[in-house]
Amino acid sequence: MSVTFHGVRGSTPCHGDDIVRYGGNTSCVSLAIPGEDPILFDLGTGLRYFGLRLPLDRPFSGTCLLSHLHWDHIQGLPFFKPLLDGGANLSLYAPAQQSGRDAAQIFSETVKPPLFPINFSEFPGNVDFHSVGDDEFAVGTAQVMSRFVPHVDSTLGYRVTWQGKSVTYLSDHQMPANGSCSFSPGAIDLCRDVDLLIHDAQYTTTEFADRDDWGHCTPEFAIRLASEAGVKRLALFHHDPSHSDDMLDEFLGEAIELADQLGVEAFASRERQTVTV
């Protein structure tokens with residue numbers, strides 16, 4: 001399997017000379033399995049660039065495992081060029097309920113005038129919605145585990161396993177407000193002995209002290225989880241929009257040193273980066 005990062009930023013897309021190395025698009029990661037349709041984690045603004053790189057000789061077919069419905073994780077879908085093709089099909093798995101509504105209702109209520117030029121139903125391509133919670137299901141020949149994790153509103157993490165290799169996507173993860181490192185059973189299920197963990201690492205310790213209920217965590221929290229769960233490789237993800245390349249180099253570099261001390265191989269994710277699992 002190969003994993004490509006198309007958007008690694010959290011909260012809102014951003015642009016500038018100070019973020020060119022890590023990139024400014026919001027959460028979108030693709031998983032390529034030989035002989036299978038692509039699997040996407042989230043639909044942030046990085047999705048547009050994924051769509052622009054797809055072959056033009058056949059309609060798109062693929063799956064998205066959507067963590068939750070916050071803007072930074074869905075903004076790319078109306079700009080996903082393959083949906084302009086009537087033969088395209090996206091199977092979209094999302095948390096079963098968001099404020100009493102499912103994902104299909106939320107997209108139809110928000111992707112419409114005056115917030116968007118056309119109604120969501122007017123896109124020629126097809127989106128099949130599937131509501132999931134603490135579940136296991138198949139996508140092609142891959143096995144998927146979904147588990148609810150602490151965040152703001154209903155949020156899922158996902159683990160994809162294929163031929164003995166596994167990737168976990170845990171983009172937005174609320175650590176305890178007191179700064180301690182305790183983990184939910186769902187997070188441990190998702191991360192146990194996984195080959196690659198893609199995990200929230202949005203705030204420095206100082207920032208978290210002022211934002212302890214905003215739904216995110218520090219790199220140290222991600223590293224402690226990876227260490228406890230026996231993760232083989234950790235991708236630090238969901239970078240704060242206020243963090244420049246130089247700042248990310250500094251504080252994620254320090255986090256990677258801590259990871260090394262705990263026996264965890266870690267790296268800071270960047271747009272257009274591909275890793276093999």
# chains A, B, ... in the order shown; residues from 1 in each chain; ligands from 1
>>> select_by_dssp(residues="range 106-153 of chain A", states="alpha helix (DSSP H)", output="list in words")
Ile106, Phe107, Ser108, Glu109 and Thr110 of chain A
>>> residues_around(residues="Asn119 in chain A", least_positions_apart="6", cutoff="9 Å", atoms="only C-alpha atoms", output="number ranges by chain")
A: 108-113
>>> closest_residue(among="A:Pro176, A:Gly16, A:Gly76, A:Gly23", to="His151 in chain A", atoms="only C-alpha atoms")
A:Pro176
>>> closest_residue(among="A:Ile118, A:Cys28, A:Ile106, A:Ile198", to="Pro78 in chain A", atoms="only C-alpha atoms")
A:Ile118
>>> atom_distance(atom1="CA of Asp249 in chain A", atom2="CA of Gly263 in chain A")
20.3 Å
>>> closest_residue(among="A:Asn89, A:Ser131, A:Ser2, A:Gln261", to="Arg58 in chain A", atoms="only C-alpha atoms")
A:Asn89
>>> residues_around(residues="Val231 in chain A", least_positions_apart="6", cutoff="12 Å", atoms="only C-alpha atoms", output="PDB file with N, CA and C atoms, in the first residue's frame")
ATOM      1  N   SER A 166      -1.357  -2.405   7.789  1.00  0.00           N
ATOM      2  CA  SER A 166      -2.452  -1.572   8.288  1.00  0.00           C
ATOM      3  C   SER A 166      -2.056  -0.106   8.377  1.00  0.00           C
ATOM      4  N   VAL A 167      -3.064   0.760   8.151  1.00  0.00           N
ATOM      5  CA  VAL A 167      -2.919   2.212   8.258  1.00  0.00           C
ATOM      6  C   VAL A 167      -4.080   2.731   9.101  1.00  0.00           C
ATOM      7  N   THR A 168      -3.779   3.558  10.093  1.00  0.00           N
ATOM      8  CA  THR A 168      -4.812   4.194  10.911  1.00  0.00           C
ATOM      9  C   THR A 168      -4.792   5.694  10.687  1.00  0.00           C
ATOM     10  N   ALA A 187      -9.516   4.536  20.583  1.00  0.00           N
ATOM     11  CA  ALA A 187      -8.220   4.955  20.056  1.00  0.00           C
ATOM     12  C   ALA A 187      -7.200   3.821  20.144  1.00  0.00           C
ATOM     13  N   ILE A 188      -7.211   3.098  21.243  1.00  0.00           N
ATOM     14  CA  ILE A 188      -6.285   1.971  21.384  1.00  0.00           C
ATOM     15  C   ILE A 188      -6.605   0.888  20.359  1.00  0.00           C
ATOM     16  N   ASP A 189      -7.885   0.581  20.154  1.00  0.00           N
ATOM     17  CA  ASP A 189      -8.276  -0.403  19.142  1.00  0.00           C
ATOM     18  C   ASP A 189      -7.727  -0.029  17.768  1.00  0.00           C
ATOM     19  N   LEU A 190      -7.856   1.228  17.415  1.00  0.00           N
ATOM     20  CA  LEU A 190      -7.419   1.688  16.102  1.00  0.00           C
ATOM     21  C   LEU A 190      -5.908   1.624  15.923  1.00  0.00           C
ATOM     22  N   CYS A 191      -5.182   1.845  17.004  1.00  0.00           N
ATOM     23  CA  CYS A 191      -3.739   2.044  16.905  1.00  0.00           C
ATOM     24  C   CYS A 191      -2.900   0.817  17.237  1.00  0.00           C
ATOM     25  N   ARG A 192      -3.454  -0.168  17.864  1.00  0.00           N
ATOM     26  CA  ARG A 192      -2.670  -1.300  18.359  1.00  0.00           C
ATOM     27  C   ARG A 192      -1.865  -1.953  17.231  1.00  0.00           C
ATOM     28  N   ASP A 193      -0.524  -1.866  17.330  1.00  0.00           N
ATOM     29  CA  ASP A 193       0.423  -2.540  16.424  1.00  0.00           C
ATOM     30  C   ASP A 193       0.253  -2.132  14.961  1.00  0.00           C
ATOM     31  N   VAL A 194      -0.311  -0.954  14.698  1.00  0.00           N
ATOM     32  CA  VAL A 194      -0.527  -0.535  13.322  1.00  0.00           C
ATOM     33  C   VAL A 194       0.806  -0.164  12.661  1.00  0.00           C
ATOM     34  N   ASP A 195       0.893  -0.368  11.349  1.00  0.00           N
ATOM     35  CA  ASP A 195       2.139  -0.066  10.625  1.00  0.00           C
ATOM     36  C   ASP A 195       2.344   1.433  10.456  1.00  0.00           C
ATOM     37  N   LEU A 196       1.269   2.180  10.187  1.00  0.00           N
ATOM     38  CA  LEU A 196       1.359   3.636  10.049  1.00  0.00           C
ATOM     39  C   LEU A 196       0.159   4.270  10.732  1.00  0.00           C
ATOM     40  N   LEU A 197       0.426   5.189  11.644  1.00  0.00           N
ATOM     41  CA  LEU A 197      -0.602   5.980  12.307  1.00  0.00           C
ATOM     42  C   LEU A 197      -0.480   7.430  11.848  1.00  0.00           C
ATOM     43  N   ILE A 198      -1.563   7.964  11.267  1.00  0.00           N
ATOM     44  CA  ILE A 198      -1.640   9.377  10.890  1.00  0.00           C
ATOM     45  C   ILE A 198      -2.452  10.066  11.977  1.00  0.00           C
ATOM     46  N   HIS A 199      -1.824  10.980  12.716  1.00  0.00           N
ATOM     47  CA  HIS A 199      -2.447  11.463  13.953  1.00  0.00           C
ATOM     48  C   HIS A 199      -2.317  12.967  14.121  1.00  0.00           C
ATOM     49  N   ALA A 222       0.257  12.391  20.839  1.00  0.00           N
ATOM     50  CA  ALA A 222       0.272  11.429  19.731  1.00  0.00           C
ATOM     51  C   ALA A 222       1.391  10.416  19.904  1.00  0.00           C
ATOM     52  N   ILE A 223       2.546  10.886  20.340  1.00  0.00           N
ATOM     53  CA  ILE A 223       3.701  10.008  20.512  1.00  0.00           C
ATOM     54  C   ILE A 223       3.482   9.034  21.657  1.00  0.00           C
ATOM     55  N   ARG A 224       2.915   9.507  22.760  1.00  0.00           N
ATOM     56  CA  ARG A 224       2.640   8.618  23.895  1.00  0.00           C
ATOM     57  C   ARG A 224       1.630   7.541  23.506  1.00  0.00           C
ATOM     58  N   LEU A 225       0.609   7.916  22.736  1.00  0.00           N
ATOM     59  CA  LEU A 225      -0.348   6.931  22.247  1.00  0.00           C
ATOM     60  C   LEU A 225       0.346   5.908  21.351  1.00  0.00           C
ATOM     61  N   ALA A 259      10.018  11.017  20.349  1.00  0.00           N
ATOM     62  CA  ALA A 259       9.548   9.745  19.791  1.00  0.00           C
ATOM     63  C   ALA A 259      10.686   8.754  19.667  1.00  0.00           C
ATOM     64  N   LEU A 262      11.469   7.076  22.812  1.00  0.00           N
ATOM     65  CA  LEU A 262      10.455   6.098  23.215  1.00  0.00           C
ATOM     66  C   LEU A 262      10.345   4.932  22.233  1.00  0.00           C
ATOM     67  N   GLY A 263      11.224   4.911  21.246  1.00  0.00           N
ATOM     68  CA  GLY A 263      11.232   3.807  20.294  1.00  0.00           C
ATOM     69  C   GLY A 263      10.179   3.906  19.212  1.00  0.00           C
ATOM     70  N   VAL A 264       9.684   5.124  18.934  1.00  0.00           N
ATOM     71  CA  VAL A 264       8.674   5.341  17.904  1.00  0.00           C
ATOM     72  C   VAL A 264       9.306   6.079  16.739  1.00  0.00           C
ATOM     73  N   GLU A 265       9.165   5.536  15.539  1.00  0.00           N
ATOM     74  CA  GLU A 265       9.627   6.237  14.342  1.00  0.00           C
ATOM     75  C   GLU A 265       8.557   7.247  13.937  1.00  0.00           C
ATOM     76  N   ALA A 266       8.905   8.521  13.908  1.00  0.00           N
ATOM     77  CA  ALA A 266       7.922   9.563  13.633  1.00  0.00           C
ATOM     78  C   ALA A 266       8.448  10.529  12.586  1.00  0.00           C
TER      79      ALA A 266
END
>>> atom_distance(atom1="CA of Asp212 in chain A", atom2="CA of Ser184 in chain A")
16.7 Å
>>> residues_around(residues="Ile33 in chain A", least_positions_apart="2", cutoff="10 Å", atoms="only C-alpha atoms", output="list in words")
Met1, Ser2, Val3, Ser30, Leu31, Gly35, Glu36, Asp37, Pro38, Ile39, Gly140, Thr141, Ala142 and Trp162 of chain A
>>> residues_around(residues="Gly253 in chain A", least_positions_apart="5", cutoff="12 Å", atoms="only C-alpha atoms", output="list in words")
Pro219, Glu220, Leu236, Asp245, Asp246, Met247, Leu248, Leu258, Ala259, Asp260, Ala266, Phe267, Ala268 and Ser269 of chain A
>>> atom_distance(atom1="CA of Phe221 in chain A", atom2="CA of Arg270 in chain A")
19.8 Å
>>> residues_around(residues="range 7-11 of chain A", least_positions_apart="6", cutoff="9 Å", atoms="only C-alpha atoms", output="VMD selection string")
chain A and resid 22 to 29 44 to 47 49 70 to 73 171 to 172 200 202 237 to 241 269 to 272
>>> residues_around(residues="Asp135 in chain A", least_positions_apart="6", cutoff="7 Å", atoms="only C-alpha atoms", output="PyMOL selection string")
chain A and resi 145-147
>>> closest_residue(among="A:Leu56, A:Ala229, A:Ala96, A:Leu43", to="Leu84 in chain A", atoms="only C-alpha atoms")
A:Leu56
>>> closest_residue(among="A:Gln75, A:Phe208, A:Phe50, A:Ser244", to="Leu115 in chain A", atoms="only C-alpha atoms")
A:Gln75
